[in-house]
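Shown here: work.cif, mmCIF, C-alpha atoms.
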```
data_target
loop_
_atom_site.label_atom_id
_atom_site.label_comp_id
_atom_site.auth_asym_id
_atom_site.auth_seq_id
_atom_site.Cartn_x
_atom_site.Cartn_y
_atom_site.Cartn_z
CA MET T 1 73.65 139.60 92.54
CA GLN T 2 71.14 138.56 95.17
CA ALA T 3 69.08 136.75 92.56
CA ALA T 4 72.14 134.88 91.25
CA LEU T 5 73.17 133.85 94.75
CA GLY T 6 69.62 132.86 95.62
CA ARG T 7 69.50 130.62 92.58
CA LEU T 8 72.89 129.14 93.42
CA ARG T 9 71.64 128.24 96.89
CA LEU T 10 68.58 126.58 95.42
CA GLU T 11 70.37 124.71 92.64
CA PHE T 12 73.07 123.37 94.93
CA ALA T 13 70.98 122.82 98.03
CA GLY T 14 72.62 120.19 100.22
CA LYS T 15 76.04 120.87 98.72
CA ILE T 16 76.39 124.50 99.68
CA HIS T 17 77.01 126.20 102.98
CA PHE T 18 76.13 129.86 102.51
CA GLU T 19 77.21 132.71 104.75
CA ALA T 20 76.16 136.32 104.23
CA ARG T 21 78.70 138.66 105.77
CA ASP T 22 78.44 142.40 106.21
CA PHE T 23 81.04 144.65 104.72
CA PRO T 24 79.60 148.13 105.28
CA LEU T 25 81.51 150.85 103.53
CA ARG T 26 79.64 153.77 105.08
CA ASP T 27 77.97 154.57 108.36
CA LEU T 28 74.58 154.56 106.66
CA THR T 29 75.03 151.03 105.37
CA LEU T 30 76.36 149.91 108.73
CA ARG T 31 73.03 151.06 110.16
CA ALA T 32 71.20 149.21 107.39
CA ALA T 33 73.07 146.06 108.37
CA GLU T 34 72.00 146.67 111.94
CA ALA T 35 68.36 146.96 110.82
CA VAL T 36 68.63 143.60 109.04
CA ARG T 37 70.28 141.84 111.97
CA CYS T 38 67.69 143.17 114.38
CA ALA T 39 65.01 141.74 112.08
CA ALA T 40 66.90 138.44 112.05
CA ASP T 41 66.57 138.39 115.83
CA GLN T 42 62.84 138.05 115.23
CA GLY T 43 63.27 135.41 112.54
CA LYS T 44 62.89 137.74 109.54
CA GLY T 45 66.50 138.34 108.56
CA GLU T 46 66.27 137.03 105.00
CA GLU T 47 63.06 138.95 104.36
CA MET T 48 64.44 142.18 105.77
CA ARG T 49 67.63 141.71 103.80
CA ALA T 50 65.61 141.39 100.61
CA GLN T 51 63.62 144.51 101.49
CA VAL T 52 66.68 146.58 102.33
CA PHE T 53 68.49 145.48 99.17
CA GLY T 54 65.36 145.99 97.10
CA GLY T 55 64.65 149.45 98.45
CA GLN T 56 68.25 150.60 98.30
CA ALA T 57 67.61 153.36 95.77
CA GLY T 58 64.93 154.88 97.98
CA TRP T 59 66.48 154.82 101.43
CA SER T 60 70.07 155.48 100.42
CA ALA T 61 68.99 158.81 98.90
CA SER T 62 67.06 159.75 102.00
CA PRO T 63 68.70 161.92 104.68
CA ALA T 64 66.79 159.93 107.32
CA PRO T 65 66.15 156.38 106.17
CA ASP T 66 65.00 155.06 109.54
CA PRO T 67 61.27 155.58 108.88
CA ILE T 68 61.65 153.63 105.62
CA TRP T 69 63.31 150.71 107.43
CA THR T 70 60.67 150.94 110.14
CA GLY T 71 58.08 150.59 107.40
CA TYR T 72 59.81 147.40 106.23
CA ALA T 73 59.85 146.10 109.79
CA ARG T 74 56.17 146.84 110.21
CA GLY T 75 55.37 145.26 106.86
CA LEU T 76 57.14 142.07 107.90
CA GLY T 77 55.09 141.92 111.07
CA LEU T 78 57.99 142.50 113.43
CA ASN T 79 57.59 143.81 116.94
CA VAL T 80 58.60 147.28 115.82
CA GLU T 81 59.25 148.60 119.30
CA LYS T 82 61.63 145.78 120.07
CA TRP T 83 63.25 146.01 116.66
CA GLY T 84 63.70 149.79 116.99
CA GLY T 85 65.23 149.37 120.43
CA CYS T 86 67.70 146.88 119.01
CA VAL T 87 68.64 149.24 116.16
CA ARG T 88 69.03 152.26 118.43
CA ALA T 89 71.13 150.30 120.91
CA GLU T 90 73.41 149.19 118.04
CA PHE T 91 73.13 145.76 119.51
CA HIS T 92 74.91 144.03 116.61
CA ARG T 93 77.53 146.63 115.87
CA LYS T 94 80.45 144.57 117.13
CA ALA T 95 79.35 141.54 115.11
CA ILE T 96 79.03 143.67 111.95
CA GLU T 97 82.47 145.14 112.52
CA ALA T 98 83.83 141.63 113.11
CA ASP T 99 82.43 140.64 109.70
CA ARG T 100 84.11 143.61 108.10
CA ASP T 101 87.40 142.80 109.83
CA LEU T 102 87.16 139.25 108.57
CA GLY T 103 86.63 140.58 105.06
CA VAL T 104 89.67 142.81 105.34
CA ARG T 105 91.76 139.84 106.49
CA MET T 106 90.47 137.87 103.51
CA GLY T 107 91.51 140.67 101.17
CA VAL T 108 88.07 142.15 100.48
CA ASN T 109 88.22 145.76 99.38
CA ALA T 110 84.99 146.18 97.44
CA THR T 111 81.51 144.76 97.42
CA PRO T 112 80.14 142.40 96.53
CA THR T 113 82.95 139.91 96.93
CA ILE T 114 82.05 136.24 96.83
CA PHE T 115 84.17 133.33 97.96
CA ILE T 116 83.22 129.96 96.55
CA GLY T 117 85.45 127.58 98.43
CA LYS T 118 88.96 128.68 97.50
CA ARG T 119 87.78 130.75 94.55
CA ARG T 120 86.96 134.39 94.61
CA VAL T 121 84.61 136.56 92.58
CA ASP T 122 85.02 140.31 92.70
CA GLY T 123 81.97 142.34 91.82
CA ALA T 124 78.61 141.24 90.54
CA ALA T 125 78.47 138.02 88.54
CA ALA T 126 75.78 136.15 86.66
CA PHE T 127 74.41 132.88 87.97
CA GLU T 128 76.11 130.89 85.18
CA ARG T 129 79.54 132.10 86.20
CA LEU T 130 78.92 131.38 89.87
CA ALA T 131 77.53 127.93 89.06
CA GLU T 132 80.54 127.11 86.87
CA MET T 133 82.90 128.05 89.67
CA PHE T 134 80.84 126.13 92.18
CA ARG T 135 80.93 122.96 90.06
CA ALA T 136 84.69 123.29 89.62
CA GLU T 137 85.11 123.73 93.36
CA LEU T 138 82.85 120.78 94.03
CA GLN T 139 84.98 118.59 91.78
CA GLY T 140 88.12 119.81 93.49
CA ASN T 141 89.52 121.36 90.30
CA MET B 142 120.75 165.16 201.80
CA ALA B 143 118.22 165.49 199.15
CA LYS B 144 117.25 162.34 197.49
CA ARG B 145 118.06 162.14 193.87
CA PRO B 146 114.95 161.62 191.97
CA GLN B 147 114.84 158.14 190.85
CA ARG B 148 114.72 157.67 187.21
CA ARG B 149 112.02 155.53 186.03
CA ALA B 150 113.19 152.89 183.78
CA ARG B 151 111.88 153.56 180.32
CA ARG B 152 109.61 150.96 179.17
CA GLN B 153 110.46 149.53 175.88
CA PRO B 154 107.47 149.19 173.62
CA PRO B 155 106.59 145.59 173.33
CA ALA B 156 108.03 143.96 170.28
CA PRO B 157 105.40 143.10 167.73
CA PRO B 158 104.59 139.50 167.85
CA LYS B 159 106.33 137.59 165.15
CA LYS B 160 103.92 136.44 162.54
CA GLY B 161 104.40 133.18 160.87
CA GLY B 162 103.61 132.65 157.16
CA ILE B 163 104.35 134.68 154.02
CA PRO B 164 106.15 138.01 154.32
CA ARG B 165 104.46 141.14 152.95
CA GLN B 166 106.83 141.45 150.05
CA GLY B 167 106.01 137.94 148.96
CA LEU B 168 102.32 138.71 149.06
CA ALA B 169 102.79 141.79 146.89
CA ILE B 170 104.76 139.83 144.30
CA ALA B 171 102.11 137.11 144.30
CA ALA B 172 99.37 139.70 143.77
CA VAL B 173 101.20 141.26 140.83
CA LEU B 174 101.77 137.84 139.28
CA ALA B 175 98.09 136.97 139.75
CA VAL B 176 97.02 140.18 137.98
CA ILE B 177 99.38 139.44 135.07
CA LEU B 178 98.09 135.88 134.85
CA LEU B 179 94.46 136.97 134.90
CA ALA B 180 95.09 139.59 132.22
CA GLY B 181 96.73 136.93 130.07
CA LEU B 182 93.80 134.59 130.52
CA TRP B 183 91.37 137.36 129.66
CA PHE B 184 93.19 138.04 126.41
CA MET B 185 93.33 134.34 125.58
CA LEU B 186 89.81 133.36 126.51
CA GLY B 187 87.56 136.31 127.10
CA GLY B 188 88.95 139.10 124.99
CA GLU B 189 87.71 140.20 121.61
CA LYS B 190 88.62 137.41 119.25
CA PRO B 191 88.62 138.00 115.52
CA LEU B 192 86.48 135.68 113.45
CA PRO B 193 88.46 132.78 112.05
CA VAL B 194 88.90 132.68 108.29
CA PRO B 195 86.46 129.98 107.18
CA ALA B 196 87.68 126.78 105.59
CA PRO B 197 86.64 126.25 101.95
CA ARG B 198 84.64 123.18 102.94
CA THR B 199 82.56 122.24 105.92
CA ALA B 200 83.28 119.06 107.87
CA ASP B 201 80.51 117.30 105.95
CA GLY B 202 81.95 118.30 102.57
CA LYS B 203 79.72 121.22 101.64
CA VAL B 204 81.33 124.03 99.67
CA VAL B 205 81.48 127.21 101.75
CA VAL B 206 80.15 130.23 99.88
CA ILE B 207 80.63 133.59 101.55
CA GLU B 208 79.17 136.81 100.29
CA PHE B 209 80.58 140.07 101.58
CA SER B 210 78.09 142.76 100.80
CA ASP B 211 77.24 146.32 101.57
CA TYR B 212 73.66 147.52 101.51
CA GLY B 213 74.62 150.74 99.80
#
```

Encoding of this model in structure tokens:
Amino acid sequence: MQAALGRLRLEFAGKIHFEARDFPLRDLTLRAAEAVRCAADQGKGEEMRAQVFGGQAGWSASPAPDPIWTGYARGLGLNVEKWGGCVRAEFHRKAIEADRDLGVRMGVNATPTIFIGKRRVDGAAAFERLAEMFRAELQGN
Amino acid sequence: MAKRPQRRARRQPPAPPKKGGIPRQGLAIAAVLAVILLAGLWFMLGGEKPLPVPAPRTADGKVVVIEFSDYG
């Protein structure tokens, strides 16, 4: 899904306004969202997001994923002490919950859910489908 | 003939000076109204506001794409 959205952003650069919103379904993934946002504070949000999505299978099976996320943070050259302080303080918790509340108000009940203008895609979709919907939205159909 | 003890005239406590201005009751009502007003302003301006549902297009015509995702 991330690859398809990444391609969509590239193909329609200048015509697309992309927003990634958190919709954590579990406490663990809420903490993962926190880890990403704290990395974004140091200018590495996209990179951390890619790492956390990419390493999902590893950390989500771990009873204590924090060292794995810390490894990502270190690998990205973040100030790990500052990043860790941000994560522990749950600095972005309210913003993450506000994202989730927005999703609920927009009728989201599963992830991923994509809104392309007025159109909605539930679940993962291939780039071609997203691009088709984007073109239709662009033309006002 | 014994003199009757003279009664001293009881002194009346001096009447409190009359204050001009707003009576106490008025002040209390004003305070309550101020608290209500401030609470209302806090809810309107400073309270937790939910995020607005985004418009499908930006002001400059870009299509808004929103991804709601969970890292799990």

Going by the chain IDs and residue numbers used in this file, which residues fall under the PyMOL selection byres ((chain B and resi 212) around 6)? Write them as a list in words. Thr29 of chain T; Asp211 and Gly213 of chain B

Within 6 Å of chain B: residues of chain T, using only C-alpha atoms, as a PyMOL selection string: chain T and resi 15-24+29+111-118

Residue with the minimum atom-to-atom distance to Leu76 in chain T, picked from T:Met48, T:Ala125, T:Val108, T:Leu138 with all atoms listed in the file counted, is T:Met48

What would the selection look like, as a short mmCIF file (atom, residue, chain, number, x, y, z; two decimals) with C-alpha atoms, in the coordinates of the input, if the PyMOL selection byres ((chain T and resi 92-97) around 8) were run on the coordinates I just shared?
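What ended up in part.cif:
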```cif
data_model
loop_
_atom_site.label_atom_id
_atom_site.label_comp_id
_atom_site.auth_asym_id
_atom_site.auth_seq_id
_atom_site.Cartn_x
_atom_site.Cartn_y
_atom_site.Cartn_z
CA ARG T 21 78.70 138.66 105.77
CA ASP T 22 78.44 142.40 106.21
CA PHE T 23 81.04 144.65 104.72
CA LEU T 30 76.36 149.91 108.73
CA ALA T 33 73.07 146.06 108.37
CA GLU T 34 72.00 146.67 111.94
CA ARG T 37 70.28 141.84 111.97
CA CYS T 38 67.69 143.17 114.38
CA GLU T 90 73.41 149.19 118.04
CA PHE T 91 73.13 145.76 119.51
CA ALA T 98 83.83 141.63 113.11
CA ASP T 99 82.43 140.64 109.70
CA ARG T 100 84.11 143.61 108.10
CA ASP T 101 87.40 142.80 109.83
#
```

Distance in Å - CA of Leu28 in chain T versus CA of Leu5 in chain T: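 Separation between CA of Leu28 in chain T and CA of Leu5 in chain T: 23.9 Å.
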
Counting all atoms listed in the file, which residues come within 12 Å of (67.7, 137.8, 112.9), with the point read in the file's coordinates, and could you list them as number ranges by chain? T: 33-49, 73, 78, 83, 86-87, 91-92

Tell me, as a PyMOL selection string, which residues lie within 9 Å of Phe12 in chain T, counting all atoms listed in the file; anything in the same chain fewer than 4 positions away does not count. chain T and resi 7-8+16+131+134

Would you list the contacts of Gly71 in chain T as an mmCIF file with C-alpha atoms, keeping the file's coordinate frame, taking every protein, DNA or RNA residue within 12 Å and counting all atoms listed in the file, but skipping same-chain residues closer than 2 positions in sequence?
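Okay, this is what ended up in result-v7.cif:
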```cif
data_model
loop_
_atom_site.group_PDB
_atom_site.id
_atom_site.type_symbol
_atom_site.label_atom_id
_atom_site.label_comp_id
_atom_site.auth_asym_id
_atom_site.auth_seq_id
_atom_site.Cartn_x
_atom_site.Cartn_y
_atom_site.Cartn_z
ATOM 1 C CA ALA T 35 68.360 146.960 110.820
ATOM 2 C CA MET T 48 64.440 142.180 105.770
ATOM 3 C CA GLN T 51 63.620 144.510 101.490
ATOM 4 C CA VAL T 52 66.680 146.580 102.330
ATOM 5 C CA GLY T 55 64.650 149.450 98.450
ATOM 6 C CA TRP T 59 66.480 154.820 101.430
ATOM 7 C CA PRO T 65 66.150 156.380 106.170
ATOM 8 C CA ASP T 66 65.000 155.060 109.540
ATOM 9 C CA PRO T 67 61.270 155.580 108.880
ATOM 10 C CA ILE T 68 61.650 153.630 105.620
ATOM 11 C CA TRP T 69 63.310 150.710 107.430
ATOM 12 C CA ALA T 73 59.850 146.100 109.790
ATOM 13 C CA ARG T 74 56.170 146.840 110.210
ATOM 14 C CA GLY T 75 55.370 145.260 106.860
ATOM 15 C CA LEU T 76 57.140 142.070 107.900
ATOM 16 C CA GLY T 77 55.090 141.920 111.070
ATOM 17 C CA LEU T 78 57.990 142.500 113.430
ATOM 18 C CA ASN T 79 57.590 143.810 116.940
ATOM 19 C CA VAL T 80 58.600 147.280 115.820
ATOM 20 C CA TRP T 83 63.250 146.010 116.660
ATOM 21 C CA GLY T 84 63.700 149.790 116.990
#
```

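A straight line drawn from CA of Ala32 in chain T to CA of Gly54 in chain T is 12.3 Å long.
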
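Atom pair CA of Pro164 in chain B / CA of Gly181 in chain B: separated by 26.0 Å.
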
Determine the residue membership of the PyMOL selection byres ((chain T and resi 4) around 10) for the file above and supply it as a list in words.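 Taken on the displayed file, the PyMOL selection byres ((chain T and resi 4) around 10) yields the residues Met1, Gln2, Ala3, Leu5, Gly6, Arg7, Leu8, Arg9, Leu10, Ala124, Ala125, Ala126, Phe127, Glu128, Arg129, Leu130 and Ala131 of chain T.
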